[in-house]
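Down below is the structure, laid out as structure tokens.
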Amino acid sequence: MIQIEQFCTEILEDLNNNHLVLPTLPEVALKIREVVDDPNTSAADVAKIIVTDTALSARLIKIANSPLYRGRHPIDNVQMALARLGITLVRNLVTSLVMEQIFQATSESVDRRMRKLWEQSTQVAAIAYVLATQIDKFKADEALLGGLIHQIGSLPILMRAEDTPELLENETMLDEIITQLSSPLGKAILHSWHFPSELVAVTAEHNNLQRNPKPEPDLVDVVIVAKLQSNLEDMESHEDWHTIPALAKLGFSTDISVINLEENEAEIREVKAMLGG
């Protein structure tokens with residue numbers, strides 16, 4: 001039987017020796033992020049890349065016309081969508097829209113696990129989006145992306161597990177390995193994608209409910225609270241929520257639901273639909 005310590009040691013050694021295969025961001029997202037980060041970039045430059053992907057173009061236009069971003073007039077082309085949304089917002093939206101492509105596996109058993117992971121991530125992302133719209137400090141598109149990537153470090157573990165049938169059959173052991181390794185692996189993935197430090201921090205620190213590096217709330221706090229809300233139905237008690245700094249820093253009570261889902265259900269559903277969920 002494979003041992004947790006052995007598996008963790010081997011995968012970390014492969015990571016340190018650059019032998020571990022990490023997920024790659026789809027090319028269209030890489031191109032968009034590179035172009036938008038160039039200070040001389042125009043909306044036309046971004047549009048040229050997006051229109052090469054017909055499905056992505058259609059989804060972006062649909063989003064620009066959705067209740068989340070709808071303006072006074074309907075939009076029917078990418079250039080108009082960019083004008084309404086702005087290129088910085090589009091950079092994060094495009095990354096979010098193509099992220100699902102990464103959550104796929106070649107074996108049925110791992111693919112089921114990937115699907116579940118994606119569903120959990122979209123739920124957290126949708127709640128994080130809604131949270132961010134209620135707090136002036138945060139941008140909803142960044143919170144959305146933060147929610148989607150917070151478990152990205154689980155992917156190399158699941159891919160490695162495809163070659164270890166006995167590990168796939170032991171859900172408890174696999175969960176323990178993910179708990180131990182997902183944060184360092186997530187950091188490595190996002191560094192390889194050249195993501196900003198605030199998103200790297202999300203995947204590195206979202207499991208630390210006692211995290212409290214500074215008085216002001218940050219993106220990690222938003223994702224932590226979104227995770228709490230996402231798991232609300234599975235939690236037997238909230239009695240320890242008063243010890244979680246993220247809740248207090250975001251101004252939420254520790255003895256009631258963080259978000260009134262009845263009031264925000266439509267918006268959360270709209271965000272999940274945007275992501276294909």
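Identifiers in this document derive from the order of the structure tokens: chains are assigned A, B, ..., residues are numbered from 1 separately in each chain, and ligands are numbered from 1 in order of occurrence.
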Which residues of range 131-175 of chain A sit at most 7 Å from range 189-206 of chain A, using only C-alpha atoms? Give each one's shortest atom pair and distance in Å (one decimal place), in chain and ascending residue order, as a tab-separated table.
```
residue	atom	partner	partner_atom	distance
A:Gly146	CA	A:Leu199	CA	5.9
A:Ile149	CA	A:Thr203	CA	6.6
A:His150	CA	A:Thr203	CA	4.3
A:Gln151	CA	A:Thr203	CA	6.3
```
>> Excluding Ile268 in chain A and its own-chain neighbours fewer than 6 positions away, which residues fall within 12 Å of it when counting only C-alpha atoms? Please give them as a PyMOL selection string.
In response: chain A and resi 67-68+122-131+133+144+226+230+259-262+274-275+277
Selection to disk with C-alpha atoms, as a JSON list (two decimals), in the first residue's frame:
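Output (part21.json):
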```json
[["chain", "number", "residue", "atom", "x", "y", "z"],
["A", 67, "PRO", "CA", -27.69, 41.08, -15.98],
["A", 68, "LEU", "CA", -24.25, 41.21, -14.38],
["A", 122, "THR", "CA", -17.39, 27.57, -9.37],
["A", 123, "GLN", "CA", -19.63, 27.70, -6.30],
["A", 124, "VAL", "CA", -16.92, 29.38, -4.23],
["A", 125, "ALA", "CA", -16.10, 31.70, -7.15],
["A", 126, "ALA", "CA", -19.74, 32.77, -7.54],
["A", 127, "ILE", "CA", -20.09, 33.53, -3.84],
["A", 128, "ALA", "CA", -16.74, 35.37, -3.82],
["A", 129, "TYR", "CA", -17.97, 37.44, -6.77],
["A", 130, "VAL", "CA", -21.13, 38.42, -4.90],
["A", 131, "LEU", "CA", -19.15, 39.22, -1.76],
["A", 133, "THR", "CA", -19.71, 43.43, -5.22],
["A", 144, "LEU", "CA", -14.20, 35.34, -9.22],
["A", 226, "ALA", "CA", -16.86, 32.31, 0.32],
["A", 230, "SER", "CA", -20.28, 27.37, 0.26],
["A", 259, "ILE", "CA", -24.67, 35.81, 2.72],
["A", 260, "ASN", "CA", -28.44, 35.61, 2.60],
["A", 261, "LEU", "CA", -28.61, 33.11, -0.24],
["A", 262, "GLU", "CA", -32.27, 33.82, -0.86],
["A", 274, "MET", "CA", -21.38, 32.50, -16.95],
["A", 275, "LEU", "CA", -18.74, 29.90, -16.07],
["A", 277, "GLY", "CA", -21.94, 25.74, -14.37]]
```
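Of the residues listed (A:Asn18, A:Pro215, A:Arg269, A:Gly276), A:Pro215 shows the shortest atom-to-atom separation from Ala248 in chain A; distances use only C-alpha atoms.
Separating CA of Lys62 in chain A from CA of Ala81 in chain A is a distance of 8.9 Å.
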> Restricting the calculation to only C-alpha atoms, which member of A:Ile4, A:Gln210, A:Glu267, A:Ala161 is positioned closest to His242 in chain A?
Replying inline: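 Among A:Ile4, A:Gln210, A:Glu267, A:Ala161, it is A:Gln210 that comes nearest to His242 in chain A.
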Enumerate the residues of range 198-272 of chain A with a DSSP assignment of helix (DSSP H, G or I), computed from the backbone, and present them as a tab-separated table (two decimals) with all heavy atoms, in the first residue's frame.
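So result_36.tsv came out as:
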```tsv
chain	number	residue	atom	x	y	z
A	198	GLU	N	-1.40	38.54	-5.21
A	198	GLU	CA	-2.63	38.40	-4.43
A	198	GLU	C	-3.37	37.11	-4.80
A	198	GLU	O	-4.03	36.50	-3.96
A	198	GLU	CB	-3.56	39.60	-4.61
A	198	GLU	CG	-3.92	39.93	-6.04
A	198	GLU	CD	-2.98	40.95	-6.67
A	198	GLU	OE1	-1.83	41.05	-6.23
A	198	GLU	OE2	-3.43	41.65	-7.61
A	199	LEU	N	-3.27	36.66	-6.06
A	199	LEU	CA	-3.89	35.40	-6.44
A	199	LEU	C	-3.04	34.21	-5.99
A	199	LEU	O	-3.58	33.17	-5.61
A	199	LEU	CB	-4.10	35.36	-7.96
A	199	LEU	CG	-5.25	36.23	-8.49
A	199	LEU	CD1	-5.25	36.30	-10.00
A	199	LEU	CD2	-6.59	35.72	-7.98
A	200	VAL	N	-1.73	34.36	-6.04
A	200	VAL	CA	-0.85	33.31	-5.52
A	200	VAL	C	-1.15	33.08	-4.04
A	200	VAL	O	-1.21	31.94	-3.56
A	200	VAL	CB	0.63	33.67	-5.72
A	200	VAL	CG1	1.53	32.62	-5.06
A	200	VAL	CG2	0.97	33.81	-7.20
A	201	ALA	N	-1.37	34.17	-3.31
A	201	ALA	CA	-1.67	34.06	-1.88
A	201	ALA	C	-2.96	33.29	-1.64
A	201	ALA	O	-3.09	32.56	-0.65
A	201	ALA	CB	-1.75	35.45	-1.25
A	202	VAL	N	-3.93	33.44	-2.53
A	202	VAL	CA	-5.21	32.73	-2.37
A	202	VAL	C	-4.99	31.23	-2.35
A	202	VAL	O	-5.46	30.52	-1.45
A	202	VAL	CB	-6.20	33.12	-3.49
A	202	VAL	CG1	-7.39	32.15	-3.49
A	202	VAL	CG2	-6.70	34.54	-3.30
A	203	THR	N	-4.29	30.73	-3.36
A	203	THR	CA	-4.09	29.28	-3.43
A	203	THR	C	-3.15	28.79	-2.34
A	203	THR	O	-3.24	27.64	-1.90
A	203	THR	CB	-3.57	28.86	-4.82
A	203	THR	OG1	-3.69	27.45	-4.97
A	203	THR	CG2	-2.14	29.27	-5.04
A	204	ALA	N	-2.28	29.65	-1.84
A	204	ALA	CA	-1.32	29.25	-0.81
A	204	ALA	C	-1.91	29.26	0.59
A	204	ALA	O	-1.50	28.47	1.44
A	204	ALA	CB	-0.09	30.16	-0.87
A	205	GLU	N	-2.90	30.14	0.84
A	205	GLU	CA	-3.31	30.39	2.22
A	205	GLU	C	-4.79	30.20	2.51
A	205	GLU	O	-5.23	30.42	3.64
A	205	GLU	CB	-2.89	31.82	2.61
A	205	GLU	CG	-1.40	32.08	2.43
A	205	GLU	CD	-1.03	33.54	2.70
A	205	GLU	OE1	-1.71	34.18	3.51
A	205	GLU	OE2	-0.07	34.02	2.07
A	219	LEU	N	-7.86	39.63	-0.65
A	219	LEU	CA	-8.56	38.67	-1.49
A	219	LEU	C	-8.64	37.29	-0.86
A	219	LEU	O	-9.63	36.57	-1.04
A	219	LEU	CB	-7.85	38.59	-2.86
A	219	LEU	CG	-8.60	37.92	-4.01
A	219	LEU	CD1	-9.93	38.62	-4.27
A	219	LEU	CD2	-7.74	37.91	-5.27
A	220	VAL	N	-7.63	36.91	-0.10
A	220	VAL	CA	-7.66	35.61	0.58
A	220	VAL	C	-8.83	35.57	1.57
A	220	VAL	O	-9.53	34.56	1.68
A	220	VAL	CB	-6.34	35.34	1.32
A	220	VAL	CG1	-6.39	33.96	1.99
A	220	VAL	CG2	-5.15	35.41	0.36
A	221	ASP	N	-9.06	36.66	2.28
A	221	ASP	CA	-10.19	36.72	3.21
A	221	ASP	C	-11.51	36.51	2.50
A	221	ASP	O	-12.40	35.82	3.01
A	221	ASP	CB	-10.20	38.07	3.95
A	221	ASP	CG	-9.00	38.26	4.86
A	221	ASP	OD1	-8.64	37.29	5.56
A	221	ASP	OD2	-8.42	39.35	4.86
A	222	VAL	N	-11.65	37.11	1.32
A	222	VAL	CA	-12.89	36.96	0.55
A	222	VAL	C	-13.11	35.50	0.19
A	222	VAL	O	-14.23	34.96	0.33
A	222	VAL	CB	-12.84	37.82	-0.73
A	222	VAL	CG1	-14.07	37.55	-1.60
A	222	VAL	CG2	-12.78	39.30	-0.38
A	223	VAL	N	-12.06	34.83	-0.27
A	223	VAL	CA	-12.20	33.42	-0.66
A	223	VAL	C	-12.46	32.53	0.56
A	223	VAL	O	-13.26	31.59	0.50
A	223	VAL	CB	-10.96	32.95	-1.44
A	223	VAL	CG1	-11.02	31.45	-1.70
A	223	VAL	CG2	-10.84	33.71	-2.75
A	224	ILE	N	-11.81	32.82	1.67
A	224	ILE	CA	-12.06	32.06	2.90
A	224	ILE	C	-13.53	32.15	3.30
A	224	ILE	O	-14.18	31.14	3.62
A	224	ILE	CB	-11.16	32.55	4.05
A	224	ILE	CG1	-9.72	32.09	3.83
A	224	ILE	CG2	-11.67	32.04	5.40
A	224	ILE	CD1	-8.74	32.64	4.85
A	225	VAL	N	-14.08	33.35	3.28
A	225	VAL	CA	-15.48	33.54	3.66
A	225	VAL	C	-16.41	32.88	2.64
A	225	VAL	O	-17.42	32.27	3.01
A	225	VAL	CB	-15.79	35.04	3.81
A	225	VAL	CG1	-17.28	35.26	4.03
A	225	VAL	CG2	-15.00	35.63	4.97
A	226	ALA	N	-16.05	32.97	1.36
A	226	ALA	CA	-16.86	32.31	0.32
A	226	ALA	C	-16.87	30.80	0.52
A	226	ALA	O	-17.89	30.14	0.33
A	226	ALA	CB	-16.32	32.66	-1.06
A	227	LYS	N	-15.73	30.25	0.91
A	227	LYS	CA	-15.66	28.81	1.19
A	227	LYS	C	-16.54	28.43	2.37
A	227	LYS	O	-17.25	27.42	2.34
A	227	LYS	CB	-14.21	28.40	1.48
A	227	LYS	CG	-13.32	28.24	0.28
A	227	LYS	CD	-11.91	27.84	0.70
A	227	LYS	CE	-11.91	26.55	1.50
A	227	LYS	NZ	-10.54	26.22	2.00
A	228	LEU	N	-16.51	29.24	3.42
A	228	LEU	CA	-17.36	28.98	4.59
A	228	LEU	C	-18.83	28.96	4.18
A	228	LEU	O	-19.59	28.08	4.58
A	228	LEU	CB	-17.12	30.04	5.65
A	228	LEU	CG	-15.79	29.99	6.41
A	228	LEU	CD1	-15.65	31.23	7.29
A	228	LEU	CD2	-15.69	28.73	7.24
A	229	GLN	N	-19.22	29.95	3.39
A	229	GLN	CA	-20.60	30.03	2.95
A	229	GLN	C	-20.97	28.85	2.05
A	229	GLN	O	-22.05	28.28	2.14
A	229	GLN	CB	-20.85	31.34	2.22
A	229	GLN	CG	-22.27	31.51	1.69
A	229	GLN	CD	-23.29	31.59	2.81
A	229	GLN	OE1	-22.95	31.98	3.92
A	229	GLN	NE2	-24.52	31.21	2.53
A	230	SER	N	-20.03	28.47	1.18
A	230	SER	CA	-20.28	27.37	0.26
A	230	SER	C	-20.50	26.06	1.01
A	230	SER	O	-21.29	25.22	0.59
A	230	SER	CB	-19.08	27.22	-0.69
A	230	SER	OG	-19.26	26.13	-1.57
A	232	LEU	N	-21.72	25.81	4.05
A	232	LEU	CA	-22.61	26.08	5.17
A	232	LEU	C	-23.54	24.92	5.48
A	232	LEU	O	-23.73	24.55	6.64
A	232	LEU	CB	-23.44	27.33	4.85
A	232	LEU	CG	-24.17	28.00	6.01
A	232	LEU	CD1	-23.19	28.50	7.05
A	232	LEU	CD2	-25.03	29.15	5.50
A	233	GLU	N	-24.10	24.29	4.46
A	233	GLU	CA	-25.07	23.22	4.68
A	233	GLU	C	-24.42	21.98	5.27
A	233	GLU	O	-25.09	21.16	5.91
A	233	GLU	CB	-25.76	22.88	3.36
A	233	GLU	CG	-26.65	24.00	2.82
A	233	GLU	CD	-27.34	23.61	1.53
A	233	GLU	OE1	-27.09	22.47	1.05
A	233	GLU	OE2	-28.12	24.41	1.01
A	234	ASP	N	-23.09	21.83	5.05
A	234	ASP	CA	-22.40	20.65	5.56
A	234	ASP	C	-21.83	20.84	6.96
A	234	ASP	O	-21.30	19.91	7.55
A	234	ASP	CB	-21.25	20.27	4.61
A	234	ASP	CG	-21.74	19.92	3.22
A	234	ASP	OD1	-22.85	19.37	3.11
A	234	ASP	OD2	-21.02	20.21	2.25
A	241	TRP	N	-16.94	30.15	14.58
A	241	TRP	CA	-16.73	31.17	13.55
A	241	TRP	C	-16.19	32.47	14.13
A	241	TRP	O	-15.56	33.24	13.42
A	241	TRP	CB	-18.05	31.42	12.81
A	241	TRP	CG	-18.33	30.37	11.77
A	241	TRP	CD1	-17.94	29.07	11.79
A	241	TRP	CD2	-19.06	30.56	10.55
A	241	TRP	NE1	-18.39	28.42	10.67
A	241	TRP	CE2	-19.09	29.30	9.90
A	241	TRP	CE3	-19.71	31.63	9.97
A	241	TRP	CZ2	-19.71	29.12	8.67
A	241	TRP	CZ3	-20.34	31.45	8.75
A	241	TRP	CH2	-20.35	30.21	8.11
A	242	HIS	N	-16.43	32.71	15.40
A	242	HIS	CA	-15.95	33.96	16.00
A	242	HIS	C	-14.43	34.01	16.06
A	242	HIS	O	-13.85	35.07	16.29
A	242	HIS	CB	-16.54	34.14	17.40
A	242	HIS	CG	-16.02	33.16	18.41
A	242	HIS	ND1	-16.52	31.88	18.53
A	242	HIS	CD2	-15.03	33.26	19.33
A	242	HIS	CE1	-15.87	31.24	19.49
A	242	HIS	NE2	-14.95	32.05	19.99
A	243	THR	N	-13.78	32.85	15.85
A	243	THR	CA	-12.32	32.82	15.89
A	243	THR	C	-11.70	33.02	14.51
A	243	THR	O	-10.47	33.03	14.39
A	243	THR	CB	-11.82	31.47	16.44
A	243	THR	OG1	-12.14	30.42	15.50
A	243	THR	CG2	-12.47	31.15	17.78
A	245	PRO	N	-10.64	35.31	11.67
A	245	PRO	CA	-10.42	36.74	11.43
A	245	PRO	C	-11.05	37.27	10.15
A	245	PRO	O	-11.51	38.41	10.11
A	245	PRO	CB	-8.89	36.85	11.37
A	245	PRO	CG	-8.39	35.69	12.14
A	245	PRO	CD	-9.37	34.59	11.87
A	246	ALA	N	-11.09	36.45	9.09
A	246	ALA	CA	-11.60	36.92	7.80
A	246	ALA	C	-13.03	37.43	7.91
A	246	ALA	O	-13.41	38.42	7.29
A	246	ALA	CB	-11.51	35.81	6.76
A	247	LEU	N	-13.85	36.75	8.70
A	247	LEU	CA	-15.24	37.16	8.86
A	247	LEU	C	-15.35	38.55	9.46
A	247	LEU	O	-16.05	39.43	8.94
A	247	LEU	CB	-15.99	36.16	9.74
A	247	LEU	CG	-16.35	34.82	9.10
A	247	LEU	CD1	-16.68	33.79	10.15
A	247	LEU	CD2	-17.53	35.00	8.15
A	248	ALA	N	-14.65	38.76	10.55
A	248	ALA	CA	-14.71	40.06	11.22
A	248	ALA	C	-14.14	41.17	10.34
A	248	ALA	O	-14.68	42.27	10.30
A	248	ALA	CB	-13.95	39.99	12.54
A	249	LYS	N	-13.05	40.87	9.63
A	249	LYS	CA	-12.41	41.90	8.81
A	249	LYS	C	-13.30	42.33	7.63
A	249	LYS	O	-13.23	43.48	7.18
A	249	LYS	CB	-11.05	41.41	8.29
A	249	LYS	CG	-10.00	41.34	9.38
A	249	LYS	CD	-8.59	41.27	8.83
A	249	LYS	CE	-8.31	39.96	8.18
A	249	LYS	NZ	-6.90	39.86	7.74
A	261	LEU	N	-28.57	33.73	1.08
A	261	LEU	CA	-28.61	33.11	-0.24
A	261	LEU	C	-29.93	33.35	-0.96
A	261	LEU	O	-29.98	33.34	-2.18
A	261	LEU	CB	-28.34	31.61	-0.12
A	261	LEU	CG	-26.90	31.23	0.22
A	261	LEU	CD1	-26.78	29.71	0.33
A	261	LEU	CD2	-25.94	31.75	-0.83
A	262	GLU	N	-31.00	33.56	-0.22
A	262	GLU	CA	-32.27	33.82	-0.86
A	262	GLU	C	-32.23	35.15	-1.61
A	262	GLU	O	-32.77	35.27	-2.70
A	262	GLU	CB	-33.40	33.82	0.17
A	262	GLU	CG	-33.67	32.45	0.78
A	262	GLU	CD	-34.84	32.48	1.74
A	262	GLU	OE1	-35.43	33.56	1.92
A	262	GLU	OE2	-35.17	31.43	2.30
A	263	GLU	N	-31.56	36.12	-1.04
A	263	GLU	CA	-31.47	37.44	-1.69
A	263	GLU	C	-30.47	37.44	-2.84
A	263	GLU	O	-30.62	38.19	-3.80
A	263	GLU	CB	-31.07	38.51	-0.66
A	263	GLU	CG	-32.12	38.78	0.39
A	263	GLU	CD	-31.69	39.87	1.34
A	263	GLU	OE1	-30.57	40.41	1.16
A	263	GLU	OE2	-32.46	40.19	2.26
A	264	ASN	N	-29.43	36.61	-2.75
A	264	ASN	CA	-28.36	36.62	-3.74
A	264	ASN	C	-28.39	35.40	-4.66
A	264	ASN	O	-27.49	35.24	-5.48
A	264	ASN	CB	-27.01	36.68	-3.03
A	264	ASN	CG	-26.83	37.96	-2.26
A	264	ASN	OD1	-26.43	38.99	-2.78
A	264	ASN	ND2	-27.13	37.91	-0.97
A	265	GLU	N	-29.38	34.56	-4.51
A	265	GLU	CA	-29.42	33.32	-5.26
A	265	GLU	C	-29.39	33.56	-6.77
A	265	GLU	O	-28.68	32.86	-7.50
A	265	GLU	CB	-30.67	32.53	-4.88
A	265	GLU	CG	-30.74	31.15	-5.53
A	265	GLU	CD	-31.96	30.38	-5.08
A	265	GLU	OE1	-32.71	30.89	-4.23
A	265	GLU	OE2	-32.16	29.26	-5.60
A	266	ALA	N	-30.15	34.55	-7.25
A	266	ALA	CA	-30.20	34.81	-8.68
A	266	ALA	C	-28.85	35.24	-9.22
A	266	ALA	O	-28.41	34.79	-10.29
A	266	ALA	CB	-31.26	35.87	-8.99
A	267	GLU	N	-28.16	36.10	-8.48
A	267	GLU	CA	-26.85	36.57	-8.94
A	267	GLU	C	-25.83	35.45	-8.91
A	267	GLU	O	-25.02	35.31	-9.83
A	267	GLU	CB	-26.38	37.74	-8.07
A	267	GLU	CG	-25.13	38.42	-8.60
A	267	GLU	CD	-24.76	39.66	-7.78
A	267	GLU	OE1	-25.39	39.89	-6.74
A	267	GLU	OE2	-23.84	40.36	-8.20
A	268	ILE	N	-25.84	34.64	-7.87
A	268	ILE	CA	-24.91	33.50	-7.79
A	268	ILE	C	-25.18	32.54	-8.95
A	268	ILE	O	-24.24	32.05	-9.59
A	268	ILE	CB	-25.06	32.78	-6.44
A	268	ILE	CG1	-24.52	33.67	-5.31
A	268	ILE	CG2	-24.32	31.44	-6.45
A	268	ILE	CD1	-24.77	33.13	-3.93
A	269	ARG	N	-26.43	32.29	-9.24
A	269	ARG	CA	-26.80	31.41	-10.35
A	269	ARG	C	-26.32	31.99	-11.68
A	269	ARG	O	-25.83	31.26	-12.56
A	269	ARG	CB	-28.31	31.18	-10.36
A	269	ARG	CG	-28.77	30.13	-11.34
A	269	ARG	CD	-30.21	29.71	-11.08
A	269	ARG	NE	-31.11	30.85	-11.08
A	269	ARG	CZ	-31.78	31.26	-9.99
A	269	ARG	NH1	-31.61	30.64	-8.84
A	269	ARG	NH2	-32.60	32.27	-10.06
A	270	GLU	N	-26.43	33.29	-11.84
A	270	GLU	CA	-25.99	33.95	-13.07
A	270	GLU	C	-24.48	33.83	-13.25
A	270	GLU	O	-23.99	33.59	-14.35
A	270	GLU	CB	-26.40	35.43	-13.03
A	270	GLU	CG	-26.13	36.19	-14.32
A	270	GLU	CD	-27.03	35.82	-15.45
A	270	GLU	OE1	-28.18	35.40	-15.18
A	270	GLU	OE2	-26.61	35.92	-16.62
A	271	VAL	N	-23.75	34.00	-12.16
A	271	VAL	CA	-22.28	33.90	-12.23
A	271	VAL	C	-21.88	32.47	-12.59
A	271	VAL	O	-21.00	32.24	-13.44
A	271	VAL	CB	-21.64	34.31	-10.91
A	271	VAL	CG1	-20.11	34.10	-10.97
A	271	VAL	CG2	-21.93	35.79	-10.62
A	272	LYS	N	-22.53	31.47	-11.98
A	272	LYS	CA	-22.21	30.09	-12.28
A	272	LYS	C	-22.55	29.75	-13.74
A	272	LYS	O	-21.82	29.01	-14.41
A	272	LYS	CB	-22.96	29.16	-11.33
A	272	LYS	CG	-22.47	29.25	-9.88
A	272	LYS	CD	-23.19	28.27	-8.99
A	272	LYS	CE	-22.82	26.84	-9.30
A	272	LYS	NZ	-23.44	25.90	-8.33
```
>> Just checking: using only C-alpha atoms, which residue out of A:Leu145, A:Ile11, A:Val110, A:Ile177 ends up closest to Leu158 in chain A?
In response: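 Distance minimum relative to Leu158 in chain A lands on A:Val110.
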>> So, with only C-alpha atoms as the atoms that count, which of A:Gln120, A:Leu181, A:Ile244, A:Phe252 lies closest to Arg211 in chain A?
In response: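 Nearest to Arg211 in chain A: A:Ile244.
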>> Given only C-alpha atoms as the basis, pick out the residue of A:Arg59, A:Arg113, A:His73, A:Lys214 nearest to Met159 in chain A.
In response: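 For Met159 in chain A, the nearest of the candidates is A:Arg113.
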>> Quick one: residues within 10 Å of Leu117 in chain A, only C-alpha atoms, excluding same-chain residues fewer than 2 positions away - as a PyMOL selection string?
In response: chain A and resi 103+111-115+119-122+148+151-152+154-155
Mind writing the picked residues with C-alpha atoms as a PDB file, in the first residue's frame?
```pdb
ATOM      1  CA  PHE A 103     -10.083  20.443 -14.946  1.00  0.00           C
ATOM      2  CA  ASP A 111     -12.395  12.877 -14.326  1.00  0.00           C
ATOM      3  CA  ARG A 112     -15.271  12.445 -11.856  1.00  0.00           C
ATOM      4  CA  ARG A 113     -13.059  13.883  -9.141  1.00  0.00           C
ATOM      5  CA  MET A 114     -12.049  16.759 -11.450  1.00  0.00           C
ATOM      6  CA  ARG A 115     -15.706  17.523 -12.224  1.00  0.00           C
ATOM      7  CA  GLU A 119     -18.204  22.384  -9.328  1.00  0.00           C
ATOM      8  CA  GLN A 120     -16.895  23.282  -5.872  1.00  0.00           C
ATOM      9  CA  SER A 121     -14.618  25.934  -7.343  1.00  0.00           C
ATOM     10  CA  THR A 122     -17.393  27.567  -9.371  1.00  0.00           C
ATOM     11  CA  LEU A 148     -11.746  29.393  -9.362  1.00  0.00           C
ATOM     12  CA  GLN A 151      -7.841  24.592  -5.360  1.00  0.00           C
ATOM     13  CA  ILE A 152      -5.668  24.530  -8.492  1.00  0.00           C
ATOM     14  CA  SER A 154      -5.051  19.635  -6.394  1.00  0.00           C
ATOM     15  CA  LEU A 155      -4.714  19.019 -10.134  1.00  0.00           C
TER      16      LEU A 155
END
```
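With only C-alpha atoms as the atoms that count, the residue of A:Val35, A:Leu174, A:Val94, A:Ala44 with the shortest distance to Leu60 in chain A is A:Val94.
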> What is the CA of Ile61 in chain A-CA of Lys139 in chain A distance in Å, reported with one decimal?
Replying inline: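 Straight-line distance from CA of Ile61 in chain A to CA of Lys139 in chain A works out to 20.2 Å.
Note that CA of Pro213 in chain A and CA of Arg91 in chain A are 28.4 Å apart.
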